[in-house]
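Peer 1: Take this structure, written in structure tokens, and hold onto it; I'll ask about it next.
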Amino acid sequence: MPEEKYFEKWEKENKDIQPSPVEKDVKLEQEPKIEDSKAGERIKEQMAELQKSAPSTPVHTRDEFKEIKILPSTQQVGALLSLVFRDNKFDLALSIAKALDNPAVMDEFHDILIERYEELIEKGILKKK
């Protein structure tokens, strides 16, 4: 494991550091003050170096169309409505509904949007003309 190699390397580099008499007598209930020792300074330096590592890979973006397409048609409408009302992605939900090419899903989705038109306006998802 990389953590073990790091720890072994750190031990070799810092074998000359001996705990002070105060550090030897520290009780388990107390946490040692790392900032008061030479080892603490080295730990802080090592941690800063580790934190400078390469940035993580970007989070994989969801493919909502594929996720919704595999659902039964009864759940597709609910998923589209979640995109609209929970995620504020009206345009995306509309384009997915069209791409599904299912008139029954499109009709039910449309009917619910009409019923909840005022809510769409209040939430700022749609603008009133």
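Convention: chains lettered A, B, ... in structure tokens order; per-chain residue numbering from 1; ligands numbered from 1 as shown.
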When you look at stretch 62-72 of chain A with a cut-off of 8 Å (counting only C-alpha atoms), what residues show up, excluding the ones that are within fewer than 3 positions of it in the same chain? I need them as number ranges by chain.

Peer 2: A: 75-76, 79-80, 96, 100

Peer 1: Which polymer residues have any atom within 10 Å of an atom of A:Val105, counting only C-alpha atoms, with same-chain residues fewer than 2 positions away left out, as a CSV table (one decimal) with N, CA and C atoms, in the first residue's frame?

Peer 2:
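The result, written out as part09.csv:
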chain,number,residue,atom,x,y,z
A,73,SER,N,-42.0,2.9,-19.2
A,73,SER,CA,-42.6,4.2,-19.6
A,73,SER,C,-43.3,4.8,-18.4
A,74,THR,N,-43.8,4.0,-17.5
A,74,THR,CA,-44.5,4.6,-16.4
A,74,THR,C,-43.6,5.4,-15.5
A,75,GLN,N,-42.3,5.0,-15.5
A,75,GLN,CA,-41.3,5.7,-14.6
A,75,GLN,C,-40.6,6.8,-15.4
A,76,GLN,N,-40.7,6.8,-16.7
A,76,GLN,CA,-40.0,7.8,-17.5
A,76,GLN,C,-40.6,9.2,-17.2
A,77,VAL,N,-41.9,9.3,-17.1
A,77,VAL,CA,-42.5,10.6,-16.9
A,77,VAL,C,-42.0,11.1,-15.5
A,78,GLY,N,-42.0,10.3,-14.5
A,78,GLY,CA,-41.5,10.7,-13.2
A,78,GLY,C,-40.1,11.2,-13.2
A,80,LEU,N,-38.5,12.4,-15.8
A,80,LEU,CA,-38.5,13.7,-16.5
A,80,LEU,C,-39.0,14.8,-15.6
A,97,ALA,N,-37.5,14.0,-23.5
A,97,ALA,CA,-38.9,13.5,-23.8
A,97,ALA,C,-39.1,13.4,-25.3
A,98,LYS,N,-38.6,14.3,-26.1
A,98,LYS,CA,-38.7,14.2,-27.6
A,98,LYS,C,-37.9,13.0,-28.1
A,100,LEU,N,-37.1,10.3,-26.6
A,100,LEU,CA,-37.7,9.0,-26.3
A,100,LEU,C,-38.6,8.5,-27.4
A,101,ASP,N,-39.2,9.4,-28.1
A,101,ASP,CA,-40.1,9.1,-29.2
A,101,ASP,C,-41.2,8.1,-28.8
A,102,ASN,N,-41.8,8.5,-27.7
A,102,ASN,CA,-42.9,7.7,-27.1
A,102,ASN,C,-44.1,8.7,-26.9
A,103,PRO,N,-45.1,8.7,-27.8
A,103,PRO,CA,-46.2,9.6,-27.7
A,103,PRO,C,-46.9,9.6,-26.4
A,107,ASP,N,-47.2,12.8,-24.0
A,107,ASP,CA,-48.5,13.3,-23.7
A,107,ASP,C,-48.7,13.5,-22.2
A,108,GLU,N,-48.3,12.5,-21.5
A,108,GLU,CA,-48.5,12.5,-20.0
A,108,GLU,C,-47.6,13.6,-19.4
A,109,PHE,N,-46.3,13.7,-19.9
A,109,PHE,CA,-45.4,14.7,-19.4
A,109,PHE,C,-46.0,16.1,-19.7
A,110,HIS,N,-46.5,16.3,-20.9
A,110,HIS,CA,-47.1,17.6,-21.3
A,110,HIS,C,-48.3,17.9,-20.4
A,111,ASP,N,-49.2,16.9,-20.2
A,111,ASP,CA,-50.3,17.2,-19.3
A,111,ASP,C,-50.0,17.6,-17.9

Peer 1: Give me, please, the distance in Å between atom CA of A:Tyr117 and atom CA of A:Asn88, quoted to one decimal.

Peer 2: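 These atoms are spaced 13.9 Å apart.
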
Peer 1: Any idea what's packed within 7 Å of A:Ile125, counting only C-alpha atoms, ignoring anything in its chain fewer than 3 positions away? Could you give it as a ChimeraX atom specification?

Peer 2: /A:88,90,120-121

Peer 1: Could you write out the selected residues, including N, CA and C atoms, as a compact mmCIF listing (two decimals), in the first residue's frame?

Peer 2:
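Generated file (selection-v8.txt):
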# COMPACT_ATOMS: atom_id res chain seq x y z
N ASN A 88 -34.12 21.60 -11.94
CA ASN A 88 -34.29 22.80 -12.77
C ASN A 88 -33.69 22.65 -14.17
N PHE A 90 -35.34 22.05 -17.24
CA PHE A 90 -36.53 21.96 -18.10
C PHE A 90 -36.15 21.63 -19.54
N LEU A 120 -44.27 26.12 -12.15
CA LEU A 120 -43.09 26.36 -13.00
C LEU A 120 -42.74 27.85 -13.05
N ILE A 121 -43.76 28.69 -13.10
CA ILE A 121 -43.55 30.14 -13.11
C ILE A 121 -43.01 30.60 -11.76

Peer 1: Please compute the atom CA of A:Ala104-atom CA of A:Lys128 distance, one decimal, in Å.

Peer 2: 26.9 Å
